[in-house]
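Here is the file entry_29.cif (mmCIF, C-alpha atoms and all ligand atoms).
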data_data
#
loop_
_atom_site.label_atom_id
_atom_site.label_comp_id
_atom_site.auth_asym_id
_atom_site.auth_seq_id
_atom_site.Cartn_x
_atom_site.Cartn_y
_atom_site.Cartn_z
CA MET K 1 -136.31 35.60 183.81
CA GLU K 2 -134.81 39.02 183.18
CA ILE K 3 -131.63 40.68 184.43
CA PHE K 4 -131.56 44.35 185.39
CA LEU K 5 -128.49 46.30 186.43
CA ASP K 6 -128.62 47.84 189.93
CA THR K 7 -126.51 50.95 189.39
CA SER K 8 -126.49 54.61 188.43
CA SER K 9 -123.08 54.45 186.77
CA ILE K 10 -123.17 55.27 183.06
CA LYS K 11 -119.78 53.61 182.68
CA ASP K 12 -121.04 50.35 184.19
CA ILE K 13 -124.29 50.43 182.21
CA LYS K 14 -122.35 50.82 178.94
CA LYS K 15 -119.88 48.10 179.94
CA TRP K 16 -122.48 45.48 180.84
CA ASP K 17 -125.05 46.41 178.24
CA ASN K 18 -122.50 45.44 175.57
CA LEU K 19 -123.01 41.81 176.54
CA GLY K 20 -126.65 41.94 175.51
CA PHE K 21 -128.48 40.50 178.52
CA ILE K 22 -129.47 43.65 180.43
CA SER K 23 -133.24 44.28 180.27
CA GLY K 24 -133.47 47.30 182.57
CA VAL K 25 -131.82 49.43 185.27
CA THR K 26 -132.76 50.12 188.88
CA THR K 27 -131.49 53.21 190.67
CA ASN K 28 -131.91 54.51 194.19
CA PRO K 29 -130.74 57.62 196.10
CA ALA K 30 -127.66 55.84 197.46
CA LEU K 31 -126.60 54.70 193.98
CA LEU K 32 -127.20 58.18 192.50
CA SER K 33 -125.19 59.75 195.35
CA LYS K 34 -122.10 57.80 194.25
CA GLU K 35 -122.03 59.50 190.84
CA LYS K 36 -120.99 63.03 189.86
CA GLY K 37 -123.46 65.66 188.62
CA MET K 38 -127.15 66.36 189.07
CA PRO K 39 -129.14 63.19 189.83
CA ILE K 40 -132.06 64.17 187.59
CA GLU K 41 -129.77 64.70 184.60
CA LEU K 42 -128.10 61.37 185.26
CA LEU K 43 -131.51 59.71 185.45
CA LYS K 44 -132.47 61.18 182.07
CA GLU K 45 -129.19 59.96 180.59
CA ILE K 46 -129.79 56.44 181.93
CA CYS K 47 -133.33 56.46 180.49
CA ALA K 48 -132.00 57.54 177.08
CA LEU K 49 -129.33 54.83 177.15
CA MET K 50 -131.87 52.15 177.97
CA GLY K 51 -134.28 53.13 175.18
CA GLU K 52 -137.56 51.33 175.81
CA ARG K 53 -136.21 49.19 178.65
CA PRO K 54 -137.45 50.06 182.15
CA VAL K 55 -135.53 52.32 184.53
CA SER K 56 -136.63 52.57 188.17
CA ALA K 57 -136.39 56.00 189.84
CA GLN K 58 -136.94 56.09 193.59
CA VAL K 59 -138.96 58.81 195.29
CA THR K 60 -137.23 60.81 198.01
CA ALA K 61 -140.49 62.37 199.30
CA GLU K 62 -141.83 61.03 202.58
CA SER K 63 -145.55 61.83 202.51
CA SER K 64 -147.85 59.98 200.14
CA GLU K 65 -149.02 63.27 198.58
CA LYS K 66 -145.44 64.28 197.76
CA MET K 67 -144.60 60.75 196.55
CA ILE K 68 -147.50 61.00 194.11
CA GLU K 69 -146.30 64.41 192.86
CA GLN K 70 -142.72 63.16 192.52
CA GLY K 71 -143.91 59.98 190.84
CA ILE K 72 -145.88 61.98 188.25
CA TYR K 73 -142.85 64.23 187.72
CA PHE K 74 -140.58 61.20 187.15
CA SER K 75 -143.03 59.50 184.83
CA ASN K 76 -143.18 62.65 182.68
CA LEU K 77 -139.40 62.61 182.24
CA SER K 78 -139.35 59.52 180.07
CA ASP K 79 -141.72 56.79 178.90
CA ASN K 80 -139.54 54.02 180.32
CA ILE K 81 -139.49 55.28 183.94
CA LEU K 82 -140.99 53.22 186.74
CA VAL K 83 -141.60 54.95 190.04
CA LYS K 84 -139.91 53.26 192.96
CA LEU K 85 -141.95 53.52 196.16
CA PRO K 86 -141.09 52.28 199.64
CA SER K 87 -142.94 49.32 201.09
CA ASN K 88 -144.67 51.36 203.81
CA LEU K 89 -148.06 53.02 204.33
CA SER K 90 -147.17 56.24 202.49
CA GLY K 91 -145.84 54.15 199.61
CA TYR K 92 -149.04 52.12 199.61
CA LYS K 93 -151.26 55.22 199.42
CA ALA K 94 -149.09 56.55 196.59
CA GLN K 95 -149.37 53.17 194.82
CA ILE K 96 -153.18 53.42 194.84
CA LYS K 97 -153.08 56.81 193.12
CA LEU K 98 -150.30 55.92 190.66
CA SER K 99 -152.26 52.78 189.68
CA GLN K 100 -155.25 54.98 188.85
CA LEU K 101 -152.96 57.07 186.66
CA ASN K 102 -151.53 53.95 184.96
CA ILE K 103 -148.03 54.79 186.17
CA LYS K 104 -145.83 51.72 186.61
CA THR K 105 -144.18 51.15 189.99
CA ASN K 106 -141.43 49.18 191.66
CA ILE K 107 -141.95 48.68 195.40
CA THR K 108 -138.63 48.64 197.22
CA LEU K 109 -137.33 47.51 200.59
CA CYS K 110 -139.76 44.57 200.65
CA PHE K 111 -139.13 42.08 203.42
CA ASP K 112 -142.58 40.58 203.94
CA PRO K 113 -144.62 38.46 201.50
CA VAL K 114 -147.90 39.65 203.04
CA THR K 115 -147.03 43.31 202.46
CA ASP K 116 -146.04 42.34 198.92
CA CYS K 117 -149.45 40.77 198.50
CA LEU K 118 -151.16 44.05 199.45
CA PHE K 119 -149.05 46.02 196.97
CA ALA K 120 -149.80 43.44 194.27
CA LYS K 121 -153.52 43.81 194.92
CA ALA K 122 -153.05 47.57 194.56
CA GLY K 123 -151.46 47.10 191.12
CA ALA K 124 -147.70 47.34 191.70
CA THR K 125 -145.66 46.39 188.63
CA TYR K 126 -142.73 44.94 190.61
CA VAL K 127 -142.00 44.13 194.25
CA SER K 128 -138.29 44.22 195.08
CA MET K 129 -137.35 41.53 197.58
CA ILE K 130 -134.17 42.56 199.36
CA LEU K 131 -131.82 39.67 200.06
CA GLY K 132 -128.32 41.06 200.74
CA ARG K 133 -129.41 43.78 203.11
CA SER K 134 -131.13 41.16 205.29
CA GLU K 135 -128.07 38.98 205.43
CA ASP K 136 -125.89 42.02 206.24
CA PHE K 137 -127.76 42.05 209.55
CA ASN K 138 -127.77 38.27 209.91
CA LEU K 139 -131.51 38.00 209.31
CA GLN K 140 -132.63 34.76 207.71
CA GLN K 141 -134.52 35.60 204.54
CA SER K 142 -133.64 32.50 202.55
CA SER K 143 -137.28 31.64 201.73
CA LEU K 144 -138.56 35.18 201.12
CA ILE K 145 -138.98 34.90 197.36
CA LYS K 146 -140.33 31.35 197.53
CA ARG K 147 -143.06 32.39 200.00
CA THR K 148 -143.99 35.43 197.90
CA ARG K 149 -144.04 33.31 194.72
CA ALA K 150 -146.50 30.88 196.33
CA ILE K 151 -148.89 33.66 197.33
CA PHE K 152 -148.65 35.37 193.93
CA GLU K 153 -149.32 32.13 192.04
CA HIS K 154 -152.22 31.23 194.28
CA ASN K 155 -153.80 34.60 193.54
CA SER K 156 -152.69 34.89 189.89
CA PHE K 157 -151.20 38.34 190.49
CA ASP K 158 -149.57 40.06 187.50
CA THR K 159 -147.02 41.80 189.74
CA LYS K 160 -143.48 40.62 189.06
CA ILE K 161 -141.09 39.51 191.76
CA LEU K 162 -137.78 41.28 191.52
CA GLY K 163 -134.83 39.91 193.51
CA ALA K 164 -132.54 42.73 194.68
CA SER K 165 -129.69 43.80 196.93
CA PHE K 166 -127.31 41.04 195.97
CA ARG K 167 -123.89 40.77 197.54
CA ASN K 168 -122.72 37.46 196.06
CA PRO K 169 -123.54 34.72 193.50
CA GLN K 170 -125.17 32.51 196.17
CA GLN K 171 -127.89 35.08 196.82
CA ILE K 172 -128.46 35.44 193.07
CA GLU K 173 -128.80 31.67 192.67
CA LEU K 174 -131.29 31.56 195.54
CA ALA K 175 -133.47 34.22 193.90
CA MET K 176 -133.27 32.46 190.53
CA SER K 177 -134.14 29.06 191.95
CA GLN K 178 -137.08 30.40 193.96
CA GLY K 179 -138.75 31.87 190.88
CA ALA K 180 -137.86 35.57 190.79
CA ASP K 181 -139.11 37.10 187.51
CA VAL K 182 -136.31 39.65 187.47
CA LEU K 183 -132.96 39.98 189.21
CA THR K 184 -131.39 43.40 189.59
CA ILE K 185 -127.68 42.81 189.99
CA PRO K 186 -125.01 45.33 191.02
CA PRO K 187 -121.99 45.49 188.68
CA ASN K 188 -119.59 44.09 191.28
CA SER K 189 -121.79 41.00 191.80
CA LEU K 190 -121.95 40.52 188.01
CA SER K 191 -118.15 40.68 187.91
CA MET K 192 -118.01 37.96 190.56
CA LEU K 193 -120.10 35.68 188.33
CA PHE K 194 -117.38 35.85 185.67
CA ASN K 195 -114.48 35.58 188.12
CA ASN K 196 -114.99 32.28 189.86
CA PRO K 197 -111.73 31.41 191.67
CA LEU K 198 -112.15 27.75 190.65
CA THR K 199 -112.46 28.73 186.97
CA ASN K 200 -109.40 30.97 187.28
CA GLY K 201 -107.45 28.30 189.20
CA GLY K 202 -108.38 25.64 186.62
CA LEU K 203 -107.18 27.86 183.77
CA LYS K 204 -103.87 28.35 185.57
CA ASP K 205 -103.50 24.54 185.90
CA PHE K 206 -104.12 24.07 182.17
CA GLU K 207 -101.69 26.88 181.31
CA ASP K 208 -98.96 25.31 183.51
CA ALA K 209 -99.54 21.89 181.95
CA TRP K 210 -99.32 23.39 178.45
CA LYS K 211 -95.93 24.87 179.24
CA THR K 212 -94.54 21.33 179.74
CA ILE K 213 -95.03 20.53 176.03
CA ASN K 214 -92.11 21.62 173.86
CA ASP K 215 -92.76 24.55 171.54
CA ASN K 216 -92.31 22.56 168.35
CA ASP K 217 -94.84 19.86 169.30
CA LYS K 218 -97.59 22.26 170.27
CA LYS K 219 -97.00 24.56 167.32
CA THR K 220 -99.64 22.91 165.11
CA TYR K 221 -102.22 23.16 167.91
CA ASP K 222 -101.54 26.81 168.80
CA ASN K 223 -101.07 28.19 165.27
CA PHE K 224 -104.48 28.72 163.79
C1 LIG K 301 -133.37 47.65 194.79
O1 LIG K 301 -134.53 47.98 194.73
C2 LIG K 301 -132.37 48.51 195.41
O2 LIG K 301 -131.95 49.50 194.50
C3 LIG K 301 -131.16 47.79 195.80
O3 LIG K 301 -131.11 46.48 195.33
C4 LIG K 301 -130.92 47.90 197.26
O4 LIG K 301 -129.68 47.38 197.44
P1 LIG K 301 -128.76 47.66 198.68
O5 LIG K 301 -129.24 46.80 199.80
O6 LIG K 301 -127.43 47.24 198.18
O7 LIG K 301 -128.82 49.12 198.99
#
The structure in this file should be written as structure tokens.
Ligand code: E4P
Amino acid sequence: MEIFLDTSSIKDIKKWDNLGFISGVTTNPALLSKEKGMPIELLKEICALMGERPVSAQVTAESSEKMIEQGIYFSNLSDNILVKLPSNLSGYKAQIKLSQLNIKTNITLCFDPVTDCLFAKAGATYVSMILGRSEDFNLQQSSLIKRTRAIFEHNSFDTKILGASFRNPQQIELAMSQGADVLTIPPNSLSMLFNNPLTNGGLKDFEDAWKTINDNDKKTYDNF
């Protein structure tokens, strides 16, 4: 299982990449819109930072013809770019062409295992199953990845299942436990994983207990 970072922030990429477990980055127009400067320059900078690791760049074109043109343009920017296409008919037509050109893709806004199956048959590299966005609207998607996994295994598809749109550690755990190949995690959700209130509360308890020992007695333990 791999972990990608779902962001367009250079600062966050540098911060989290230091820990050594980031295998790629996913961007989208909303994430790029949060950063300063020209999106295409930012995309190139992200690609350079990631080296050979994959970076997903989402098309903004709406027709399949334009998606294909934009996809080719993106793929010429850097060897590690994957073209992110929407899970709709225009995206599907673009997928067919990009497969013929051996351009890797990441299908986004996937909410239906059957649609995923069609994109897998057409050669998609990843399908991004969106968990948080569903729950934002109180839609039950708790078995989405599990159902897709079953279909993919039954058909021996090479397409990887990417869990995305996480809002909290529970959604990340669900995607992990249901067999996602990759999880793309936003920086704030990653921060939550290292800031469990029970961990922090437990540390405070230990610190308070330690203060009850007199300084001389604990000196040999603390001085190292
Ligand atoms: C993944 O493909 C998308 O970039 C992302 O996870 C969507 O997340 P959002 O629902 O937070 O916009």
Could you list the protein, DNA and RNA residues that have any atom within 10 Å of ligand LIG 301 (chain K), counting all atoms listed in the file, and write them as a VMD selection string?
chain K and resid 5 to 8 25 to 31 56 to 58 84 to 86 106 to 110 126 to 136 162 to 167 183 to 186
Excluding Ala94 of chain K and its own-chain neighbours fewer than 5 positions away, which residues fall within 8 Å of it when counting all atoms listed in the file? Please give them as JSON, numbers by chain.
{"K": [64, 65, 67, 68, 85]}
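For the choices K:Asn102, K:Gln95, K:Gln141, K:Gln70, the atom-to-atom distance to Ala124 of chain K is smallest for K:Gln95 when using only C-alpha atoms.
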Kindly list the centre and edge lengths in Å, rounded to one decimal, for the axis-aligned box that covers all listed atoms of segment 198-208 of chain K plus 3 Å on each of its six sides, as AutoDock Vina command-line options.
--center_x -105.7 --center_y 27.5 --center_z 186.0 --size_x 19.5 --size_y 12.9 --size_z 15.3
Nearest candidate to Gly91 of chain K (options K:Ala209, K:Ile72, K:Ala150, K:Val59; using only C-alpha atoms):
K:Val59
Quick one: segment 93-115 of chain K from the block, C-alpha atoms, as a PDB file, in the first residue's frame.
ATOM      1  CA  LYS K  93     -13.570   8.660 -24.350  1.00  0.00           C
ATOM      2  CA  ALA K  94     -10.374  10.489 -23.406  1.00  0.00           C
ATOM      3  CA  GLN K  95      -9.210   7.408 -21.476  1.00  0.00           C
ATOM      4  CA  ILE K  96      -9.541   5.244 -24.600  1.00  0.00           C
ATOM      5  CA  LYS K  97      -7.301   7.587 -26.592  1.00  0.00           C
ATOM      6  CA  LEU K  98      -4.762   8.165 -23.801  1.00  0.00           C
ATOM      7  CA  SER K  99      -4.487   4.374 -23.339  1.00  0.00           C
ATOM      8  CA  GLN K 100      -3.607   4.057 -27.021  1.00  0.00           C
ATOM      9  CA  LEU K 101      -0.896   6.666 -26.481  1.00  0.00           C
ATOM     10  CA  ASN K 102       0.405   4.846 -23.371  1.00  0.00           C
ATOM     11  CA  ILE K 103      -0.325   7.873 -21.191  1.00  0.00           C
ATOM     12  CA  LYS K 104      -1.045   6.971 -17.576  1.00  0.00           C
ATOM     13  CA  THR K 105      -4.294   8.173 -16.020  1.00  0.00           C
ATOM     14  CA  ASN K 106      -6.000   8.674 -12.695  1.00  0.00           C
ATOM     15  CA  ILE K 107      -9.799   8.662 -12.887  1.00  0.00           C
ATOM     16  CA  THR K 108     -11.284  11.015 -10.323  1.00  0.00           C
ATOM     17  CA  LEU K 109     -14.656  11.576  -8.692  1.00  0.00           C
ATOM     18  CA  CYS K 110     -15.417   7.842  -8.763  1.00  0.00           C
ATOM     19  CA  PHE K 111     -18.485   6.835  -6.790  1.00  0.00           C
ATOM     20  CA  ASP K 112     -19.562   3.659  -8.562  1.00  0.00           C
ATOM     21  CA  PRO K 113     -17.700   0.328  -8.770  1.00  0.00           C
ATOM     22  CA  VAL K 114     -19.325  -0.505 -12.115  1.00  0.00           C
ATOM     23  CA  THR K 115     -18.080   2.726 -13.703  1.00  0.00           C
TER      24      THR K 115
END
